[in-house]
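For reference, query-v7.txt is printed below; it contains compact mmCIF, C-alpha atoms and all ligand atoms.
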# COMPACT_ATOMS: atom_id res chain seq x y z
CA MET A 1 28.97 -34.47 -66.95
CA LYS A 2 30.35 -36.82 -69.56
CA ILE A 3 29.55 -40.52 -69.34
CA ILE A 4 32.09 -42.97 -70.76
CA ALA A 5 31.46 -46.70 -71.16
CA VAL A 6 34.60 -48.85 -71.32
CA ILE A 7 33.69 -52.01 -73.14
CA ASN A 8 34.86 -55.01 -75.10
CA LEU A 9 33.13 -58.37 -75.45
CA LYS A 10 36.47 -60.04 -74.74
CA GLY A 11 37.78 -60.66 -71.25
CA GLY A 12 41.20 -59.66 -69.96
CA VAL A 13 41.81 -56.79 -72.38
CA ALA A 14 42.31 -54.21 -69.56
CA LYS A 15 38.82 -52.69 -69.35
CA THR A 16 39.13 -52.51 -65.58
CA ILE A 17 42.75 -51.31 -65.53
CA THR A 18 41.87 -48.64 -68.11
CA SER A 19 38.69 -47.49 -66.34
CA ASP A 20 40.34 -47.28 -62.91
CA ASN A 21 43.52 -45.57 -64.03
CA MET A 22 41.74 -43.18 -66.35
CA ALA A 23 39.52 -42.19 -63.44
CA ASP A 24 42.49 -41.72 -61.12
CA ILE A 25 44.44 -39.64 -63.64
CA LEU A 26 41.44 -37.42 -64.44
CA VAL A 27 41.16 -36.74 -60.71
CA SER A 28 44.79 -36.45 -59.66
CA VAL A 29 46.38 -34.84 -62.74
CA HIS A 30 43.49 -32.91 -64.25
CA GLY A 31 41.53 -31.93 -61.15
CA LYS A 32 38.27 -33.50 -62.35
CA ARG A 33 35.51 -35.05 -60.25
CA VAL A 34 34.88 -38.63 -61.29
CA LEU A 35 32.32 -41.30 -60.52
CA LEU A 36 33.39 -44.85 -61.37
CA ILE A 37 30.69 -47.45 -61.86
CA ASP A 38 31.56 -51.10 -61.54
CA ASN A 39 29.17 -52.82 -63.94
CA ASP A 40 30.67 -56.28 -63.76
CA LYS A 41 29.64 -59.01 -61.34
CA GLN A 42 33.33 -59.92 -60.92
CA GLY A 43 33.59 -56.66 -58.97
CA ASN A 44 37.21 -56.05 -59.95
CA THR A 45 36.95 -52.27 -59.89
CA SER A 46 35.31 -52.46 -56.46
CA LYS A 47 38.12 -54.72 -55.23
CA PHE A 48 40.75 -52.43 -56.73
CA PHE A 49 39.49 -49.60 -54.54
CA GLY A 50 38.96 -51.85 -51.50
CA LEU A 51 35.19 -51.39 -51.63
CA HIS A 52 33.91 -54.83 -52.60
CA GLY A 53 31.27 -56.27 -50.30
CA TYR A 54 27.78 -57.61 -49.69
CA ASP A 55 26.72 -55.45 -46.75
CA LYS A 56 25.77 -52.40 -48.77
CA LYS A 57 23.90 -51.09 -51.78
CA THR A 58 25.50 -51.72 -55.17
CA ILE A 59 24.80 -51.20 -58.86
CA SER A 60 22.26 -54.05 -58.57
CA ASP A 61 20.09 -51.84 -56.32
CA VAL A 62 20.38 -48.95 -58.77
CA LEU A 63 19.12 -51.14 -61.60
CA LEU A 64 16.52 -53.17 -59.73
CA ASP A 65 14.96 -50.89 -57.15
CA PRO A 66 12.92 -48.05 -58.65
CA LYS A 67 12.99 -46.25 -55.29
CA CYS A 68 16.75 -46.49 -54.90
CA ASN A 69 18.41 -43.07 -54.96
CA ILE A 70 21.79 -43.28 -56.67
CA ARG A 71 23.28 -40.96 -54.05
CA ASP A 72 22.69 -43.66 -51.42
CA VAL A 73 24.79 -46.11 -53.41
CA ILE A 74 27.77 -43.87 -54.15
CA GLU A 75 30.79 -44.35 -51.90
CA HIS A 76 33.90 -42.24 -51.54
CA THR A 77 37.16 -43.96 -52.37
CA LYS A 78 40.23 -43.02 -50.37
CA TYR A 79 41.10 -40.59 -53.17
CA LYS A 80 39.57 -37.14 -53.13
CA ASN A 81 36.97 -36.49 -55.85
CA LEU A 82 36.93 -40.14 -56.90
CA ASP A 83 33.70 -41.91 -56.01
CA LEU A 84 32.46 -45.39 -56.77
CA ILE A 85 29.36 -47.48 -57.24
CA SER A 86 30.40 -51.03 -56.45
CA ALA A 87 29.28 -54.38 -57.84
CA ASN A 88 29.27 -57.94 -56.61
CA MET A 89 27.93 -61.32 -57.73
CA ASP A 90 24.35 -60.16 -57.00
CA LEU A 91 24.56 -58.35 -60.34
CA MET A 92 24.07 -61.67 -62.12
CA MET A 93 20.62 -62.17 -60.55
CA ALA A 94 19.82 -58.48 -60.87
CA ASN A 95 20.37 -58.68 -64.63
CA GLN A 96 18.07 -61.69 -64.87
CA LYS A 97 15.33 -60.12 -62.74
CA LEU A 98 15.52 -56.95 -64.76
CA ILE A 99 14.83 -58.77 -68.00
CA LEU A 100 11.71 -60.30 -66.46
CA ASP A 101 10.43 -56.96 -65.19
CA SER A 102 7.99 -55.72 -67.80
CA THR A 103 6.68 -52.83 -65.72
CA ARG A 104 9.25 -50.32 -67.00
CA ILE A 105 11.66 -49.73 -69.86
CA GLN A 106 14.68 -51.60 -68.60
CA GLN A 107 17.37 -50.09 -70.84
CA ILE A 108 17.09 -46.50 -69.64
CA ILE A 109 17.21 -47.03 -65.88
CA LEU A 110 20.86 -46.05 -65.37
CA ARG A 111 20.56 -43.03 -67.66
CA GLU A 112 17.57 -41.75 -65.71
CA LYS A 113 19.19 -42.38 -62.31
CA LEU A 114 22.44 -40.64 -63.27
CA LYS A 115 20.54 -37.42 -63.99
CA VAL A 116 20.36 -36.84 -60.22
CA VAL A 117 24.15 -36.41 -60.00
CA LYS A 118 24.75 -34.59 -63.28
CA ASP A 119 26.20 -31.55 -61.53
CA ASP A 120 28.29 -33.52 -59.05
CA TYR A 121 30.82 -34.99 -61.48
CA ASP A 122 32.77 -34.06 -64.59
CA PHE A 123 33.04 -37.69 -65.72
CA VAL A 124 31.31 -40.97 -65.08
CA ILE A 125 33.34 -44.00 -66.16
CA ILE A 126 31.56 -47.34 -66.43
CA ASP A 127 33.70 -50.48 -66.28
CA ASN A 128 31.70 -53.16 -68.05
CA ALA A 129 31.60 -56.94 -68.05
CA PRO A 130 32.99 -58.78 -71.11
CA ASP A 131 29.48 -59.40 -72.31
CA ILE A 132 26.29 -57.79 -73.52
CA ASN A 133 23.58 -58.06 -70.89
CA ILE A 134 20.84 -55.73 -69.75
CA GLY A 135 23.23 -53.96 -67.37
CA VAL A 136 25.76 -53.33 -70.13
CA MET A 137 22.95 -52.19 -72.39
CA ASN A 138 22.01 -49.68 -69.69
CA ALA A 139 25.60 -48.43 -69.70
CA LEU A 140 25.57 -47.91 -73.46
CA VAL A 141 22.22 -46.16 -73.36
CA ALA A 142 23.48 -43.85 -70.59
CA ALA A 143 26.85 -43.18 -72.23
CA ASP A 144 27.98 -40.23 -74.30
CA GLU A 145 31.09 -42.09 -75.42
CA VAL A 146 32.58 -45.55 -75.65
CA ILE A 147 36.20 -46.58 -75.37
CA VAL A 148 37.23 -50.09 -76.43
CA PRO A 149 40.47 -51.43 -74.92
CA ILE A 150 42.14 -54.01 -77.13
CA LYS A 151 44.87 -56.46 -76.31
CA ILE A 152 46.56 -57.53 -79.52
CA ASP A 153 46.68 -61.29 -79.83
CA GLN A 154 45.43 -63.95 -82.20
CA PHE A 155 41.81 -63.39 -81.16
CA ALA A 156 42.03 -59.64 -80.58
CA PHE A 157 39.55 -58.62 -83.22
CA ASP A 158 36.97 -61.35 -82.63
CA GLY A 159 33.64 -59.75 -81.90
CA LEU A 160 34.84 -56.23 -82.69
CA GLU A 161 32.69 -55.94 -85.78
CA GLN A 162 29.64 -57.18 -83.87
CA LEU A 163 30.37 -54.72 -81.08
CA ILE A 164 30.48 -51.82 -83.54
CA GLU A 165 27.20 -53.02 -85.06
CA TYR A 166 25.79 -53.11 -81.57
CA PHE A 167 26.85 -49.47 -81.01
CA ASP A 168 25.02 -48.64 -84.25
CA SER A 169 21.84 -50.31 -83.04
CA ILE A 170 22.00 -48.43 -79.72
CA ARG A 171 22.50 -45.20 -81.71
CA GLU A 172 19.54 -45.96 -83.96
CA GLY A 173 17.39 -46.77 -80.96
CA LEU A 174 17.68 -45.31 -77.50
CA ASN A 175 20.88 -43.25 -77.64
CA PRO A 176 21.52 -41.35 -80.90
CA GLN A 177 24.36 -39.33 -79.34
CA LEU A 178 26.60 -42.30 -78.50
CA THR A 179 30.08 -41.55 -79.85
CA PHE A 180 32.70 -44.23 -80.48
CA ARG A 181 35.74 -42.35 -79.18
CA GLY A 182 38.21 -45.04 -80.00
CA CYS A 183 40.05 -48.27 -79.51
CA LEU A 184 42.94 -48.23 -77.07
CA VAL A 185 45.72 -50.78 -77.54
CA THR A 186 46.69 -52.13 -74.14
CA GLN A 187 49.34 -54.52 -72.86
CA TYR A 188 51.47 -53.62 -75.87
CA ALA A 189 54.69 -55.58 -76.28
CA ASN A 190 57.40 -54.65 -78.75
CA ASN A 191 56.93 -57.56 -81.13
CA LYS A 192 55.72 -58.11 -84.68
CA THR A 193 52.23 -59.23 -83.66
CA ASN A 194 51.57 -56.06 -81.70
CA LYS A 195 53.07 -53.88 -84.42
CA ASP A 196 51.07 -55.54 -87.22
CA GLY A 197 47.85 -55.64 -85.20
CA THR A 198 48.10 -51.97 -84.27
CA GLU A 199 48.88 -51.02 -87.89
CA TRP A 200 45.89 -53.03 -89.08
CA LEU A 201 43.62 -51.21 -86.62
CA ALA A 202 45.03 -47.84 -87.68
CA SER A 203 44.26 -48.65 -91.32
CA LYS A 204 40.56 -49.26 -90.63
CA ALA A 205 38.58 -46.05 -90.84
CA GLU A 206 35.63 -47.63 -89.05
CA TYR A 207 37.72 -48.20 -85.93
CA PRO A 208 38.88 -44.89 -84.47
CA LEU A 209 42.15 -45.45 -82.63
CA PHE A 210 43.97 -43.56 -79.90
CA LYS A 211 47.57 -42.86 -80.93
CA THR A 212 48.80 -43.68 -77.47
CA VAL A 213 49.36 -47.35 -76.74
CA ILE A 214 49.63 -48.76 -73.23
CA HIS A 215 52.74 -50.90 -72.84
CA ARG A 216 52.78 -54.09 -70.88
CA THR A 217 54.68 -53.81 -67.65
CA VAL A 218 54.75 -55.98 -64.57
CA LYS A 219 54.12 -52.84 -62.50
CA VAL A 220 50.46 -53.01 -63.56
CA ASP A 221 50.03 -56.47 -62.06
CA GLU A 222 51.78 -55.25 -58.94
CA SER A 223 49.45 -52.27 -58.75
CA THR A 224 46.40 -54.56 -58.67
CA PHE A 225 48.04 -56.60 -55.92
CA TYR A 226 48.63 -53.49 -53.83
CA GLN A 227 45.25 -52.04 -54.90
CA MET A 228 46.79 -48.78 -56.04
CA PRO A 229 46.28 -46.86 -59.28
CA ILE A 230 49.41 -47.19 -61.39
CA MET A 231 50.37 -43.52 -60.99
CA ARG A 232 50.35 -43.87 -57.25
CA HIS A 233 52.14 -47.21 -57.27
CA SER A 234 54.86 -46.36 -59.78
CA ARG A 235 54.44 -42.88 -61.20
CA TYR A 236 57.19 -43.08 -63.81
CA CYS A 237 56.83 -46.65 -65.06
CA ARG A 238 55.99 -47.05 -68.72
CA ALA A 239 52.30 -47.92 -68.28
CA SER A 240 51.82 -45.01 -65.88
CA LEU A 241 53.31 -42.58 -68.41
CA ASP A 242 51.25 -44.20 -71.17
CA TYR A 243 47.99 -43.88 -69.25
CA GLN A 244 48.80 -40.24 -68.49
CA ALA A 245 49.48 -39.65 -72.21
CA PHE A 246 46.27 -41.46 -73.13
CA VAL A 247 44.14 -39.30 -70.82
CA LYS A 248 45.80 -36.18 -72.22
CA GLU A 249 45.07 -37.36 -75.76
CA TYR A 250 41.50 -38.21 -74.76
CA LEU A 251 40.95 -34.72 -73.33
CA GLN A 252 42.48 -33.00 -76.37
CA LYS A 253 40.86 -35.09 -79.10
N1 LIG B 301 49.60 -52.58 -69.26
C1 LIG B 301 49.57 -53.77 -68.63
N2 LIG B 301 50.71 -54.42 -68.34
C2 LIG B 301 50.69 -55.62 -67.69
N3 LIG B 301 49.58 -56.23 -67.28
C3 LIG B 301 48.40 -55.63 -67.55
C4 LIG B 301 48.32 -54.37 -68.23
N4 LIG B 301 47.02 -54.03 -68.34
C5 LIG B 301 46.32 -55.03 -67.77
N5 LIG B 301 47.14 -55.99 -67.28
C6 LIG B 301 46.76 -57.23 -66.59
O1 LIG B 301 45.87 -57.96 -67.40
C7 LIG B 301 44.87 -58.57 -66.62
C8 LIG B 301 43.50 -58.19 -67.14
O2 LIG B 301 43.27 -56.81 -66.93
P1 LIG B 301 41.82 -56.28 -66.57
O3 LIG B 301 41.30 -56.99 -65.37
O4 LIG B 301 41.84 -54.81 -66.55
O5 LIG B 301 41.04 -56.79 -67.86
P2 LIG B 301 39.45 -56.76 -68.12
O6 LIG B 301 39.27 -56.50 -69.57
O7 LIG B 301 38.80 -55.82 -67.18
O8 LIG B 301 39.07 -58.25 -67.75
P3 LIG B 301 37.58 -58.82 -67.50
O9 LIG B 301 36.97 -59.00 -68.85
O10 LIG B 301 37.80 -60.13 -66.79
O11 LIG B 301 36.85 -57.82 -66.67
C9 LIG B 301 45.12 -58.15 -65.18
O12 LIG B 301 45.79 -59.17 -64.51
C10 LIG B 301 46.00 -56.94 -65.30
O13 LIG B 301 46.87 -56.80 -64.21
MG MG B 302 37.27 -56.10 -65.78

Just dump the structure as structure tokens.
Ligand SMILES: Nc1ncnc2c1ncn2[C@@H]1O[C@H](COP(=O)(O)OP(=O)(O)OP(=O)(O)O)[C@@H](O)[C@H]1O
Ligand SMILES: [Mg+2]
Amino acid sequence: MKIIAVINLKGGVAKTITSDNMADILVSVHGKRVLLIDNDKQGNTSKFFGLHGYDKKTISDVLLDPKCNIRDVIEHTKYKNLDLISANMDLMMANQKLILDSTRIQQIILREKLKVVKDDYDFVIIDNAPDINIGVMNALVAADEVIVPIKIDQFAFDGLEQLIEYFDSIREGLNPQLTFRGCLVTQYANNKTNKDGTEWLASKAEYPLFKTVIHRTVKVDESTFYQMPIMRHSRYCRASLDYQAFVKEYLQK
């Protein structure tokens, strides 16, 4: 079971779109079993799969309740072999309570809990908040790999250096095996800014980069409205083909 954390300190760069579509493509094209974890209080991944709510156990219970069995929190989505742990606004308080809990090591909770399902899934994909908090730290300590979606704009690279330094500190501390698999350029438009920004990223050895870029297309916005992975909403649109190519590249790399 491989655990992937999708992360960027910036908001709106397509962490959620990438996590959800990567999960769907791994399941529907490559026949994998995938667990998606919504690790953002906004709950966008949960909403995307129609599983957002307050009447059930969520990632907050996994992190806060030592007795909580992760199997009791996992829900099936309507897609075969694609399961989800949802999140809601309670995650904000859960993160705060966790920091105050000095009775256990708070950064390794998710890693320990995921061991229970290690034979149930081929991949776990964690969609993170645009932030570093104790929940996100748990994701990075649990993860084998990180993927950093990047939307090229004037502020695209703000915080990237700090994020990489943060990966280093996690590697030096609790998770030596954490691999930075790469940056993924998302919402790509055919203009000079995107071209120059992508070339700049490619020239930096310290930032591994996926060759595939995900083009911007209105179909992606539509797919969130209809709560359908892009492949199921519009199989042959540009972003759908791009995400399929990205997952192929990810699996081959
Ligand atoms: N390839 C694309 N083409 C067009 N729109 C896109 C594309 N990818 C993402 N978007 C849009 O960009 C917005 C942000 O995407 P998303 O929610 O995945 O970002 P995020 O990084 O998860 O944001 P947050 O930090 O708030 O969690 C959404 O409205 C989404 O529909
Ligand atoms: Mg998101």

Contact residues around Tyr207 of chain A with all atoms listed in the file at 9 Å, ignoring same-chain residues under 5 positions, as a ChimeraX atom specification:
/A:164,180,182-183,201-202

Dump C-alpha atoms for the selected residues as an mmCIF file, keeping the file's coordinate frame?
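Produced file part32.cif, reproduced below:
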data_model
loop_
_atom_site.group_PDB
_atom_site.id
_atom_site.type_symbol
_atom_site.label_atom_id
_atom_site.label_comp_id
_atom_site.auth_asym_id
_atom_site.auth_seq_id
_atom_site.Cartn_x
_atom_site.Cartn_y
_atom_site.Cartn_z
ATOM 1 C CA ILE A 164 30.480 -51.820 -83.540
ATOM 2 C CA PHE A 180 32.700 -44.230 -80.480
ATOM 3 C CA GLY A 182 38.210 -45.040 -80.000
ATOM 4 C CA CYS A 183 40.050 -48.270 -79.510
ATOM 5 C CA LEU A 201 43.620 -51.210 -86.620
ATOM 6 C CA ALA A 202 45.030 -47.840 -87.680
#

List all protein, DNA and RNA residues that have an atom no more than 9 Å from any atom of ligand LIG 301 (chain B), counting only C-alpha atoms and all ligand atoms, and report them as an NGL selection string.
:A and (7-20 or 40 or 42-45 or 127-131 or 149-151 or 186-189 or 214-225 or 238-240 or 242-243)

So which residues touch Glu161 of chain A within 10 Å, counting all atoms listed in the file, skipping near sequence neighbours fewer than 5 positions away, as number ranges by chain?
A: 166-167, 206-207

Quick one: pull the distance between atom CA of Leu110 of chain A and atom CA of Ile59 of chain A, Å, one decimal.
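Between atom CA of Leu110 of chain A and atom CA of Ile59 of chain A the gap is 9.2 Å.
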
Distance atom CA of Met228 of chain A-atom CA of Ile3 of chain A, one decimal place?
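Computed distance, atom CA of Met228 of chain A to atom CA of Ile3 of chain A, equals 23.3 Å.
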
Counting all atoms listed in the file, the residue of A:Cys68, A:Ala156, A:Ile85, A:Leu174 that sits nearest Leu140 of chain A
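Among the listed residues, A:Leu174 lies closest to Leu140 of chain A.
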
Taking into account only C-alpha atoms, which residue in the set A:Val213, A:Met22, A:Val27, A:Leu98 is nearest to Thr198 of chain A?
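The closest residue to Thr198 of chain A is A:Val213.
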
Which of these, A:Ile126, A:Tyr121, A:Leu241, A:Leu26, has the shortest distance to ligand MG 302 (chain B) once you count only C-alpha atoms and all ligand atoms?
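Closest candidate: A:Ile126.
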
A:Leu82, A:Gly31, A:Ile134, A:Lys41 ranked by distance to ligand MG 302 (chain B), top pick (using only C-alpha atoms and all ligand atoms):
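Once distances to ligand MG 302 (chain B) are computed over only C-alpha atoms and all ligand atoms, the minimum belongs to A:Lys41.
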
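Here atom CA of Glu249 of chain A stands at a distance of 23.2 Å from atom CA of Phe157 of chain A.
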
Quick one: of A:Asn95, A:Asn81, A:Asn69, A:Asn190, who's nearest to Asp122 of chain A, counting all atoms listed in the file?
A:Asn81

Find the residue from A:Gln244, A:Thr212, A:Gln154, A:Gln252 that sits nearest to Leu184 of chain A; use all atoms listed in the file when measuring.
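Answer, going by the shortest atom-to-atom distance: A:Thr212.
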
For Leu64 of chain A, find every residue with an atom within 7 Å (counting all atoms listed in the file), except residues of its own chain fewer than 3 positions away, and show them as a PyMOL selection string.
chain A and resi 60-61+94+98

Identify the residues around (30.8, -46.1, -60.2) within a radius of 9 Å, measuring from only C-alpha atoms in the coordinates stated by the file, and give them as a list of chain:residue names.
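All residues meeting the 9 Å criterion around (30.8, -46.1, -60.2) are A:Val34, A:Leu35, A:Leu36, A:Ile37, A:Asp38, A:Asn39, A:Thr45, A:Ser46, A:Ile59, A:Ile74, A:Glu75, A:Asp83, A:Leu84, A:Ile85, A:Ser86, A:Ala87, A:Val124, A:Ile125, A:Ile126, A:Asp127.
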
Six-sided padding of 5 Å per side, axis-aligned box over segment 201-219 of chain A, centre and edges in Å, one decimal, as JSON:
{"center_x": 45.2, "center_y": -49.4, "center_z": -76.9, "size_x": 29.1, "size_y": 23.1, "size_z": 38.8}
